[in-house]
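Okay, so here's the structure we're looking at.
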Amino acid sequence: MQNMLTLIANLFRLGNASKNMGAQAVSELLIGLSEYVDLTSPPAPATPRQPPTPPGTRMVVSTRSFADFTPQANFPIKKCELHHLDEGPSDSAVLTREQGLQYYRTMQTVRRMELKADQLYKQKIIRGFCHLYDGQEACAMGIEAGINPTDHLITAYRAHGYTFTRGVPVREILAELTGRRGGVAKGKGGSMHMYTKNFYGGNGIVGAQVPLGAGVALACQYRGNNQVCVTLYGDGAANQGQIYEAFNMAALWKLPCIFICENNKFGMGTSVERASACTDYYKRGDYIPGIKVDGMDVLCVREAIKFAADHCRAGKGPIVMELETYRYHGHSMSDPGVSYRTREEIQEVRTKNDPITMLKERMLSNNMSSVEEIKAIDLEIRTVIEDAAQYAISDPEPPLDELCNHIFANDAPMEVRGTNPWVKLKSIS
């Protein structure tokens, strides 16, 4: 070993010597080293060069495998407020690693999709009504995690998030927003009218979806299929008379309906305190049991929905739920959202109570994921969104002769009057 070190030292001295040094001395040194090193063996694979780390940053190197992560953890969640109930949902929730990654991926996809829709709208590629859902992702994800795919859901016009959680791909949602043939409603529904199996929209008339949801619940009861209908409306619609008519029928007939008020604090630009004499929306059912839930916590929403679904499936009738949440954008794209609230208020919610950040921090602090894994998911989602946006821009618009298709489900082709009696269009189911 001592001889080997001496040879190496001589080799380094050669590097500092004159450039005219003969090659013979170097050759002798290499021959000497060959006694200690097998020069015929294949070289070790080169390590890829890493970009320089900016000053003041800390490089994180992860060598963990999936087996190193915590498979599941139990988290305390905010206790729900109850109305006409002796007991409510659990105040703790079990989250597996697989569930956490799925919830994160879904909520982050909805967030990125809505931000992309905002960009396309400002570029005048999306036109007309457009109500964005960013900030409220825990509601859609928590509800979907607490019910079955065979259960039913109907909501108002802020429907993009629910369209995705009910199984519609991002490209079909964005293509519908841009009015293209590949959209989920063939480009004829737009932002407020998207549908898929067991999802009934997307409804543009304020509060009108609530009696429709009660009707879907009546169908579930009539068929005896042990399914429930989740019927959503906002705090701005909570004073509509038709909602209370639906409450009354649902209570009389013990319909398996979960009425959910997504309370995002403002009905258009009017705060709930200025619009409602009673802002405890979970008590508005009066004779119907109610629950008030933290709508910014996906686990809290999930546990509450499971409890409500079990209540309905047990034949106890409907239940009213209030999800306290917050929207980051204005009411619609025509509303900047800062004339009736401050930018500081919005930023405070983003900083302290963001639903995606809350879930991410839970998983990282409990060793259920890593920073590198989360970043990889974020990168994958950005790619999906960008590809979907390109599809939504390049896909052709539906031709005029398809305008009246799908008016009826199973009827023979029929003529439909156009803008005047002399213009006839054909409807094909």
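We label chains A, B, ... in the order they appear in the structure tokens, count residues from 1 in each chain, and number ligands from 1 in the order shown.
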
Do you know which residues are at most 7 Å from Phe69 in chain A counting only C-alpha atoms, after dropping those on the same chain fewer than 2 positions away, and could you put them as a PyMOL selection string? chain A and resi 66-67+71+367-369

Atoms kept (C-alpha atoms) for selection, written as a PDB file, in the first residue's frame:
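Saved as out.pdb:
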```pdb
ATOM      1  CA  PHE A  66     -41.534   2.906  -0.820  1.00  0.00           C
ATOM      2  CA  ALA A  67     -40.935   0.513   2.083  1.00  0.00           C
ATOM      3  CA  PRO A  71     -48.144   3.200   5.257  1.00  0.00           C
ATOM      4  CA  ASN A 367     -43.104  10.374   6.575  1.00  0.00           C
ATOM      5  CA  MET A 368     -45.895   9.337   4.211  1.00  0.00           C
ATOM      6  CA  SER A 369     -44.204  10.970   1.224  1.00  0.00           C
TER       7      SER A 369
END
```

I want to know what sits within 10 Å of range 144-149 of chain A, based on only C-alpha atoms, with residues of the same chain fewer than 6 positions away left out; could you give that as number ranges by chain? A: 99, 102-103, 138, 162, 165-167, 197-199, 227-230, 298-299, 301-310

Take the selection from the previous step and output its residues with N, CA, C and O atoms, as a short mmCIF file (atom, residue, chain, number, x, y, z; two decimals), in the first residue's frame.
```
data_model
loop_
_atom_site.label_atom_id
_atom_site.label_comp_id
_atom_site.auth_asym_id
_atom_site.auth_seq_id
_atom_site.Cartn_x
_atom_site.Cartn_y
_atom_site.Cartn_z
N GLN A 99 -54.07 6.70 -0.25
CA GLN A 99 -55.17 7.68 -0.24
C GLN A 99 -54.62 9.10 -0.27
O GLN A 99 -55.11 9.95 -1.02
N GLN A 102 -53.42 10.00 -3.68
CA GLN A 102 -54.57 10.16 -4.59
C GLN A 102 -55.28 11.48 -4.34
O GLN A 102 -55.61 12.21 -5.28
N TYR A 103 -55.52 11.81 -3.06
CA TYR A 103 -56.21 13.06 -2.74
C TYR A 103 -55.37 14.25 -3.19
O TYR A 103 -55.90 15.22 -3.75
N ALA A 138 -60.97 20.72 -1.41
CA ALA A 138 -61.19 19.71 -0.38
C ALA A 138 -62.64 19.26 -0.33
O ALA A 138 -62.94 18.13 0.06
N TYR A 162 -66.12 19.11 -9.58
CA TYR A 162 -66.95 17.90 -9.45
C TYR A 162 -66.98 17.10 -10.74
O TYR A 162 -67.06 15.86 -10.71
N THR A 165 -63.78 15.04 -10.45
CA THR A 165 -63.81 13.98 -9.43
C THR A 165 -64.81 12.89 -9.78
O THR A 165 -64.67 11.75 -9.32
N ARG A 166 -65.81 13.21 -10.61
CA ARG A 166 -66.76 12.19 -11.04
C ARG A 166 -66.25 11.36 -12.22
O ARG A 166 -66.93 10.46 -12.69
N GLY A 167 -65.03 11.69 -12.70
CA GLY A 167 -64.39 10.81 -13.67
C GLY A 167 -64.15 11.36 -15.06
O GLY A 167 -63.66 10.63 -15.93
N LYS A 197 -71.84 10.00 -16.10
CA LYS A 197 -72.65 8.99 -15.41
C LYS A 197 -72.75 9.33 -13.92
O LYS A 197 -71.75 9.56 -13.25
N ASN A 198 -73.97 9.36 -13.42
CA ASN A 198 -74.28 9.65 -12.01
C ASN A 198 -73.88 11.07 -11.59
O ASN A 198 -73.77 11.36 -10.40
N PHE A 199 -73.68 11.93 -12.57
CA PHE A 199 -73.41 13.35 -12.30
C PHE A 199 -74.32 14.19 -13.19
O PHE A 199 -74.25 14.10 -14.41
N GLN A 227 -78.61 3.56 -2.77
CA GLN A 227 -77.75 4.66 -3.20
C GLN A 227 -78.26 5.98 -2.61
O GLN A 227 -79.41 6.08 -2.18
N VAL A 228 -77.38 6.99 -2.58
CA VAL A 228 -77.75 8.31 -2.07
C VAL A 228 -77.47 9.35 -3.15
O VAL A 228 -76.73 9.10 -4.11
N CYS A 229 -78.07 10.51 -2.99
CA CYS A 229 -77.80 11.64 -3.89
C CYS A 229 -77.24 12.80 -3.07
O CYS A 229 -77.85 13.24 -2.09
N VAL A 230 -76.08 13.28 -3.47
CA VAL A 230 -75.46 14.47 -2.87
C VAL A 230 -75.94 15.67 -3.67
O VAL A 230 -75.70 15.76 -4.88
N VAL A 298 -59.74 18.04 3.78
CA VAL A 298 -60.29 16.93 3.01
C VAL A 298 -60.68 15.75 3.89
O VAL A 298 -61.68 15.06 3.63
N LEU A 299 -59.93 15.52 4.97
CA LEU A 299 -60.26 14.40 5.86
C LEU A 299 -61.52 14.68 6.66
O LEU A 299 -62.33 13.77 6.89
N VAL A 301 -64.01 16.56 5.68
CA VAL A 301 -65.13 16.42 4.74
C VAL A 301 -65.42 14.95 4.49
O VAL A 301 -66.58 14.52 4.50
N ARG A 302 -64.40 14.16 4.27
CA ARG A 302 -64.59 12.73 4.00
C ARG A 302 -65.32 12.03 5.13
O ARG A 302 -66.28 11.27 4.90
N GLU A 303 -64.88 12.27 6.36
CA GLU A 303 -65.52 11.59 7.50
C GLU A 303 -66.97 12.04 7.67
O GLU A 303 -67.84 11.24 8.01
N ALA A 304 -67.24 13.32 7.44
CA ALA A 304 -68.61 13.83 7.57
C ALA A 304 -69.52 13.23 6.50
O ALA A 304 -70.68 12.87 6.78
N ILE A 305 -69.00 13.10 5.29
CA ILE A 305 -69.80 12.53 4.19
C ILE A 305 -70.09 11.06 4.46
O ILE A 305 -71.20 10.57 4.21
N LYS A 306 -69.10 10.33 4.95
CA LYS A 306 -69.33 8.93 5.29
C LYS A 306 -70.44 8.80 6.33
O LYS A 306 -71.32 7.94 6.22
N PHE A 307 -70.39 9.66 7.33
CA PHE A 307 -71.41 9.65 8.38
C PHE A 307 -72.78 9.96 7.79
O PHE A 307 -73.78 9.28 8.07
N ALA A 308 -72.85 10.98 6.94
CA ALA A 308 -74.13 11.38 6.35
C ALA A 308 -74.67 10.29 5.42
O ALA A 308 -75.88 10.01 5.41
N ALA A 309 -73.80 9.66 4.64
CA ALA A 309 -74.24 8.60 3.74
C ALA A 309 -74.77 7.40 4.53
O ALA A 309 -75.80 6.81 4.16
N ASP A 310 -74.10 7.05 5.62
CA ASP A 310 -74.59 5.95 6.47
C ASP A 310 -75.96 6.30 7.06
O ASP A 310 -76.84 5.43 7.17
#
```

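Proximity ranking of A:Ile393, A:Cys312, A:Val272, A:Arg417 relative to Gln123 in chain A places A:Ile393 first, based on only C-alpha atoms.
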
Quick one: residues within 9 Å of range 347-363 of chain A, only C-alpha atoms, excluding same-chain residues fewer than 4 positions away - as a ChimeraX atom specification? /A:73,75,97,100-101,103-104,107-108,111,135-138,295-299,326,328,342-343,367-370,374

With only C-alpha atoms as the counted atoms, please give the residues lying no more than 7 Å from Tyr391 in chain A, apart from itself and same-chain residues fewer than 4 positions off, as a compact mmCIF listing (two decimals) with N, CA, C and O atoms, in the first residue's frame.
```
# COMPACT_ATOMS: atom_id res chain seq x y z
N ARG A 171 -58.87 16.97 -20.28
CA ARG A 171 -58.94 17.45 -21.67
C ARG A 171 -60.38 17.64 -22.11
O ARG A 171 -60.69 18.58 -22.85
N ASP A 387 -50.98 19.54 -21.91
CA ASP A 387 -51.45 18.72 -23.04
C ASP A 387 -52.95 18.90 -23.25
O ASP A 387 -53.42 19.00 -24.40
N ASP A 395 -58.68 21.26 -30.99
CA ASP A 395 -59.81 20.42 -31.39
C ASP A 395 -60.83 21.27 -32.17
O ASP A 395 -61.06 22.43 -31.83
```

With the cut-off set at 12 Å and counting only C-alpha atoms, tabulate each residue of range 260-299 of chain A with an atom at most that distance from an atom of range 206-212 of chain A, showing the nearest atom pair and its distance in Å to one decimal, ordered by chain and increasing number, as a Markdown table.
```
| residue | atom | partner | partner_atom | distance |
| --- | --- | --- | --- | --- |
| A:Ile260 | CA | A:Val210 | CA | 9.5 |
| A:Cys261 | CA | A:Val210 | CA | 10.4 |
| A:Gly267 | CA | A:Val206 | CA | 10.7 |
| A:Met268 | CA | A:Val206 | CA | 11.5 |
```

Skip range 281-284 of chain A itself and residues of its chain fewer than 3 positions away, then list as a PDB file with N, CA and C atoms, in the first residue's frame all residues within 6 Å of it, counting only C-alpha atoms.
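Now in around35.pdb:
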```pdb
ATOM      1  N   GLY A 290     -78.547  18.250  11.026  1.00  0.00           N
ATOM      2  CA  GLY A 290     -77.534  19.008  10.304  1.00  0.00           C
ATOM      3  C   GLY A 290     -76.149  18.870  10.908  1.00  0.00           C
ATOM      4  N   ILE A 291     -75.128  19.125  10.076  1.00  0.00           N
ATOM      5  CA  ILE A 291     -73.720  19.066  10.487  1.00  0.00           C
ATOM      6  C   ILE A 291     -72.986  20.251   9.880  1.00  0.00           C
ATOM      7  N   LYS A 292     -72.144  20.893  10.678  1.00  0.00           N
ATOM      8  CA  LYS A 292     -71.263  21.955  10.181  1.00  0.00           C
ATOM      9  C   LYS A 292     -69.837  21.418  10.144  1.00  0.00           C
ATOM     10  N   VAL A 320     -78.723  17.684   6.356  1.00  0.00           N
ATOM     11  CA  VAL A 320     -78.213  18.951   5.813  1.00  0.00           C
ATOM     12  C   VAL A 320     -76.790  19.167   6.320  1.00  0.00           C
ATOM     13  N   MET A 321     -75.899  19.545   5.433  1.00  0.00           N
ATOM     14  CA  MET A 321     -74.506  19.748   5.808  1.00  0.00           C
ATOM     15  C   MET A 321     -74.043  21.116   5.307  1.00  0.00           C
ATOM     16  N   GLU A 322     -73.274  21.785   6.123  1.00  0.00           N
ATOM     17  CA  GLU A 322     -72.647  23.057   5.736  1.00  0.00           C
ATOM     18  C   GLU A 322     -71.146  22.865   5.686  1.00  0.00           C
TER      19      GLU A 322
END
```

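From CA of Val338 in chain A back to CA of Ile125 in chain A, the distance works out to 24.1 Å.
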
Apply DSSP to the backbone of this structure and, from range 52-192 of chain A, keep only the residues in strand (DSSP E); write these as a PyMOL selection string. chain A and resi 72-76+81-83+92-96+152-154

Those residues you just picked out, can you put them in a file as a PDB file, in the first residue's frame with N, CA, C and O atoms?
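What landed in again_9.pdb:
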```pdb
ATOM      1  N   GLN A  72     -49.642   4.271   6.867  1.00  0.00           N
ATOM      2  CA  GLN A  72     -50.859   4.998   7.227  1.00  0.00           C
ATOM      3  C   GLN A  72     -50.645   5.717   8.553  1.00  0.00           C
ATOM      4  O   GLN A  72     -49.736   5.402   9.312  1.00  0.00           O
ATOM      5  N   ALA A  73     -51.500   6.697   8.802  1.00  0.00           N
ATOM      6  CA  ALA A  73     -51.405   7.481  10.042  1.00  0.00           C
ATOM      7  C   ALA A  73     -52.797   7.936  10.447  1.00  0.00           C
ATOM      8  O   ALA A  73     -53.712   8.013   9.624  1.00  0.00           O
ATOM      9  N   ASN A  74     -52.940   8.229  11.723  1.00  0.00           N
ATOM     10  CA  ASN A  74     -54.213   8.717  12.274  1.00  0.00           C
ATOM     11  C   ASN A  74     -54.059  10.195  12.601  1.00  0.00           C
ATOM     12  O   ASN A  74     -53.096  10.591  13.268  1.00  0.00           O
ATOM     13  N   PHE A  75     -55.009  11.009  12.121  1.00  0.00           N
ATOM     14  CA  PHE A  75     -54.914  12.457  12.300  1.00  0.00           C
ATOM     15  C   PHE A  75     -56.126  12.980  13.069  1.00  0.00           C
ATOM     16  O   PHE A  75     -57.270  12.582  12.778  1.00  0.00           O
ATOM     17  N   PRO A  76     -55.912  13.873  14.027  1.00  0.00           N
ATOM     18  CA  PRO A  76     -57.062  14.552  14.652  1.00  0.00           C
ATOM     19  C   PRO A  76     -57.663  15.550  13.674  1.00  0.00           C
ATOM     20  O   PRO A  76     -56.943  16.196  12.913  1.00  0.00           O
ATOM     21  N   GLU A  81     -69.955  20.627  14.264  1.00  0.00           N
ATOM     22  CA  GLU A  81     -71.087  21.112  15.038  1.00  0.00           C
ATOM     23  C   GLU A  81     -72.345  20.400  14.569  1.00  0.00           C
ATOM     24  O   GLU A  81     -72.541  20.182  13.366  1.00  0.00           O
ATOM     25  N   LEU A  82     -73.218  20.038  15.520  1.00  0.00           N
ATOM     26  CA  LEU A  82     -74.358  19.175  15.220  1.00  0.00           C
ATOM     27  C   LEU A  82     -75.682  19.886  15.464  1.00  0.00           C
ATOM     28  O   LEU A  82     -75.784  20.774  16.311  1.00  0.00           O
ATOM     29  N   HIS A  83     -76.690  19.452  14.724  1.00  0.00           N
ATOM     30  CA  HIS A  83     -78.052  19.953  14.885  1.00  0.00           C
ATOM     31  C   HIS A  83     -79.000  18.752  14.853  1.00  0.00           C
ATOM     32  O   HIS A  83     -79.039  18.002  13.870  1.00  0.00           O
ATOM     33  N   SER A  92     -61.340  12.043  14.508  1.00  0.00           N
ATOM     34  CA  SER A  92     -60.034  11.615  14.006  1.00  0.00           C
ATOM     35  C   SER A  92     -60.260  10.847  12.708  1.00  0.00           C
ATOM     36  O   SER A  92     -61.352  10.333  12.460  1.00  0.00           O
ATOM     37  N   ALA A  93     -59.222  10.784  11.876  1.00  0.00           N
ATOM     38  CA  ALA A  93     -59.350  10.130  10.574  1.00  0.00           C
ATOM     39  C   ALA A  93     -58.073   9.368  10.255  1.00  0.00           C
ATOM     40  O   ALA A  93     -56.969   9.865  10.486  1.00  0.00           O
ATOM     41  N   VAL A  94     -58.234   8.168   9.730  1.00  0.00           N
ATOM     42  CA  VAL A  94     -57.106   7.360   9.284  1.00  0.00           C
ATOM     43  C   VAL A  94     -56.858   7.643   7.801  1.00  0.00           C
ATOM     44  O   VAL A  94     -57.787   7.638   6.993  1.00  0.00           O
ATOM     45  N   LEU A  95     -55.611   7.909   7.468  1.00  0.00           N
ATOM     46  CA  LEU A  95     -55.223   8.182   6.086  1.00  0.00           C
ATOM     47  C   LEU A  95     -54.108   7.240   5.696  1.00  0.00           C
ATOM     48  O   LEU A  95     -53.072   7.182   6.372  1.00  0.00           O
ATOM     49  N   THR A  96     -54.306   6.469   4.626  1.00  0.00           N
ATOM     50  CA  THR A  96     -53.222   5.641   4.112  1.00  0.00           C
ATOM     51  C   THR A  96     -52.369   6.463   3.155  1.00  0.00           C
ATOM     52  O   THR A  96     -52.803   7.491   2.634  1.00  0.00           O
ATOM     53  N   HIS A 152     -74.976   9.343  -6.482  1.00  0.00           N
ATOM     54  CA  HIS A 152     -75.315  10.401  -7.430  1.00  0.00           C
ATOM     55  C   HIS A 152     -74.928  11.770  -6.867  1.00  0.00           C
ATOM     56  O   HIS A 152     -74.894  11.967  -5.642  1.00  0.00           O
ATOM     57  N   LEU A 153     -74.653  12.712  -7.780  1.00  0.00           N
ATOM     58  CA  LEU A 153     -74.249  14.050  -7.347  1.00  0.00           C
ATOM     59  C   LEU A 153     -74.776  15.078  -8.343  1.00  0.00           C
ATOM     60  O   LEU A 153     -74.705  14.874  -9.552  1.00  0.00           O
ATOM     61  N   ILE A 154     -75.298  16.171  -7.809  1.00  0.00           N
ATOM     62  CA  ILE A 154     -75.753  17.298  -8.627  1.00  0.00           C
ATOM     63  C   ILE A 154     -75.319  18.585  -7.933  1.00  0.00           C
ATOM     64  O   ILE A 154     -75.345  18.673  -6.698  1.00  0.00           O
TER      65      ILE A 154
END
```

Go through A:Ala238, A:Asp294, A:Lys265, A:Ala156 one by one, measure the shortest atom-to-atom distance of each to Glu345 in chain A using only C-alpha atoms, and give the residue with the smallest value.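 Of all the options, A:Lys265 lies closest to Glu345 in chain A.
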
Would you list the contacts of Ala117 in chain A as number ranges by chain, taking every protein, DNA or RNA residue within 9 Å and counting only C-alpha atoms, but skipping same-chain residues closer than 5 positions in sequence? A: 112, 122, 126, 130, 132, 174, 177, 389

Write out as a PyMOL selection string the residues lying within 10 Å of Leu115 in chain A, counting only C-alpha atoms and excluding same-chain residues fewer than 4 positions away. chain A and resi 109-111+119-121+132-134+329+385

Between A:Pro89, A:Gly285, A:Pro256, A:Gly202, single out the one closest to Ala219 in chain A, counting only C-alpha atoms. A:Pro256
